Amino acid sequence: MSLQGNSSTLINTKVQMFVVLYYLICITYTTPKENCKWRTPIEVQTKIPDADSLEIQYQKGVIHLCDTGIKNVPNKYILPVFERPGEKKVDKGNIKLPVIDFAEMQGPNRSQVVKSLAKACEEFGFFQVINHGIPHDILHELEDVVRRFFEMPFEERAKFMSTDMRAPVRYGTSFNQNKDGVFCWRDFLKLTCHPLSEVLPSWPSSPVDFRQAMLLYSKQTNMMFQTLMNAVLESLGLDSTTENDDEEDILKQCEEGSQLMVANCYPSCPEPDLTLGMPPHSDYGFLTLLLQGKAEGLQIQHKGKWLIVKPLANSFVVNVGDHLEIFSNGRYKSVLHRVLVNSARTRISVASLHSLSFSTTVRPSPKLINEENPRRYKDTDFASFMEYVSSCEPKEKNFLESRKLTC
């Protein structure tokens with residue numbers, strides 16, 4: 001009897017050990033590391049979402065994803081090794097951009113400032129603007145209301161979600177969520193600003209002070225753009241003091257042109273070395289005015305290296321867009337830039353992109369074309385740009401490359 005009892009006990013012990021091992025194997029191979037709990041195989045399997053449900057979650061944006069309490073970056077956001085920040089051709093240092101004093105530009109030292117502007121556009125494609133005259137309280141209120149917009153419940157933000165890249169108001173995620181193979185760690189709100197009287201009623205009305213803050217900011221940045229463009233034309237030798245009907249027409253077209261404001265939110269990221277807030281790209285317009293806030297993240301490519309642009313208090317970062325490169329016939333260059341994310345804090349920035357109207361053709365200035373500097377670009381317009389980005393995954397400066405004439 002005792003032998004049989006011992007045998008029975010041994011068998012039961014082996015069965016129990018087998019069950020325990022079975023549970024451990026199921027948990028190890030089917031449960032995400034951050035959620036390891038003692039669950040039965042059936043419970044574990046029912047927690048695994050399918051590909052379609054995951055894609056729906058990703059389309060809702062990074063903020064919504066972070067609200068679920070993730071501890072790791074999902075595969076959808078992980079870049080190939082050679083595209084990740086921190087890999088080859090990356091300098092850990094910073095870049096000191098040329099600084100343009102906006103007040104000096106409108107004073108007796110204008111000619112010297114214009115020369116500095118030309119050098120900045122030729123050598124860097126970027127510069128920082130100080131003493132711009134936009135009151136600090138307007139900038140502070142803007143950053144505050146944008147942050148509060150992104151902090152609203154998803155249901156409120158989702159009212160403006162659209163995959164239509166031509167929508168006058170669009171809340172979305174990544175860079176081009178219709179085409180991106182790998183998503184960026186970014187949510188955004190895009191607002192068309194012209195004509196204001198027509199588009200303003202479609203802007204978000206929550207938070208309650210959102211429209212007023214964005215309206216004031218859009219007007220201030222548009223005036224700043226007009227002044228900068230006047231100086232840019234002068235730096236190209238196309239100032240309005242000489243007989244340049246074409247250039248006076250360009251100034252008028254800029255006054256009546258397009259303005260697109262883009263509020264960006266880059267939530268804190270658990271593994272920032274695996275992804276980017278925005279991939280390497282250039283902007284399509286004439287000039288982009290960026291309020292990048294206090295947290296660093298913007299990098300530009302300079303001499304083959306990625307370098308961080310340190311935030312400068314109460315300043316704007318301004319960069320040359322593809323349209324200005326075309327208009328200057330290649331004298332001024334739009335430059336690749338990208339956005340890093342971090343694990344410590346959410347970063348907010350607001351960009352104001354300015355160009356001619358969406359229906360106006362952009363071409364090299366005839367005054368900048370001669371035998372020594374032949375025409376280098378085809379005519380283009382915003383419709384061509386939209387058609388291009390809607391048909392493929394945008395990469396780096398591919399659109400601009402498609403507008404170059406082959407010699």
# chains A, B, ... in the order shown; residues from 1 in each chain; ligands from 1
>>> residues_around(residues="stretch 125-128 of chain A", least_positions_apart="3", cutoff="6 Å", atoms="only C-alpha atoms", output="PyMOL selection string")
chain A and resi 97-99+121+316-320+333-335
>>> write_last_selection(atoms="C-alpha atoms", output="PDB file, in the first residue's frame")
ATOM      1  CA  LEU A  97      22.698  79.280 -36.230  1.00  0.00           C
ATOM      2  CA  PRO A  98      23.122  82.825 -37.549  1.00  0.00           C
ATOM      3  CA  VAL A  99      21.064  85.286 -35.514  1.00  0.00           C
ATOM      4  CA  CYS A 121      20.221  81.382 -46.400  1.00  0.00           C
ATOM      5  CA  PHE A 316      11.961  82.100 -33.820  1.00  0.00           C
ATOM      6  CA  VAL A 317      13.771  79.533 -35.908  1.00  0.00           C
ATOM      7  CA  VAL A 318      13.263  80.359 -39.591  1.00  0.00           C
ATOM      8  CA  ASN A 319      14.136  78.078 -42.481  1.00  0.00           C
ATOM      9  CA  VAL A 320      14.197  78.248 -46.262  1.00  0.00           C
ATOM     10  CA  LYS A 333      18.795  75.971 -50.204  1.00  0.00           C
ATOM     11  CA  SER A 334      16.047  74.262 -48.271  1.00  0.00           C
ATOM     12  CA  VAL A 335      17.788  72.043 -45.737  1.00  0.00           C
TER      13      VAL A 335
END
>>> closest_atom_pairs(of="stretch 258-335 of chain A", to="stretch 217-225 of chain A", cutoff="9 Å", atoms="only C-alpha atoms", output="JSON lines")
{"residue": "A:Gln259", "atom": "CA", "partner": "A:Asn222", "partner_atom": "CA", "distance": 7.6}
{"residue": "A:Leu260", "atom": "CA", "partner": "A:Ser218", "partner_atom": "CA", "distance": 8.9}
{"residue": "A:Met261", "atom": "CA", "partner": "A:Ser218", "partner_atom": "CA", "distance": 7.5}
{"residue": "A:Leu287", "atom": "CA", "partner": "A:Phe225", "partner_atom": "CA", "distance": 7.4}
{"residue": "A:Thr288", "atom": "CA", "partner": "A:Phe225", "partner_atom": "CA", "distance": 8.6}
{"residue": "A:Leu289", "atom": "CA", "partner": "A:Thr221", "partner_atom": "CA", "distance": 7.4}
>>> select_by_dssp(residues="stretch 122-297 of chain A", states="strand (DSSP E)", output="count of residues only")
34
>>> atom_distance(atom1="atom CA of A:Leu117", atom2="atom CA of A:Glu401")
24.9 Å
>>> residues_around(residues="stretch 181-183 of chain A", least_positions_apart="3", cutoff="10 Å", atoms="only C-alpha atoms", output="ChimeraX atom specification")
/A:58-59,61-62,74-80,173-178,186,275-279,393
>>> select_by_dssp(residues="stretch 218-323 of chain A", states="alpha helix (DSSP H)", output="ChimeraX atom specification")
/A:218-235,245-255,322-323
>>> residues_around(residues="stretch 100-112 of chain A", least_positions_apart="2", cutoff="9 Å", atoms="only C-alpha atoms", output="ChimeraX atom specification")
/A:98,114-117,120,127-133,224,227-228,231,235
>>> write_last_selection(atoms="C-alpha atoms", output="short mmCIF file (atom, residue, chain, number, x, y, z; two decimals), in the first residue's frame")
data_model
loop_
_atom_site.label_atom_id
_atom_site.label_comp_id
_atom_site.auth_asym_id
_atom_site.auth_seq_id
_atom_site.Cartn_x
_atom_site.Cartn_y
_atom_site.Cartn_z
CA PRO A 98 23.12 82.83 -37.55
CA VAL A 114 20.47 91.84 -45.13
CA LYS A 115 24.00 90.65 -45.93
CA SER A 116 23.90 88.41 -42.86
CA LEU A 117 20.52 87.12 -43.98
CA ALA A 120 22.50 82.46 -43.53
CA PHE A 127 18.56 81.27 -38.95
CA GLN A 128 17.15 82.51 -35.65
CA VAL A 129 15.25 85.78 -35.32
CA ILE A 130 15.39 87.90 -32.16
CA ASN A 131 13.74 91.21 -31.25
CA HIS A 132 10.85 90.31 -33.54
CA GLY A 133 8.35 92.54 -31.77
CA MET A 224 6.79 89.00 -39.72
CA THR A 227 8.98 91.82 -43.61
CA LEU A 228 11.40 88.90 -43.89
CA ALA A 231 14.56 91.49 -46.96
CA SER A 235 19.35 90.00 -50.39
#
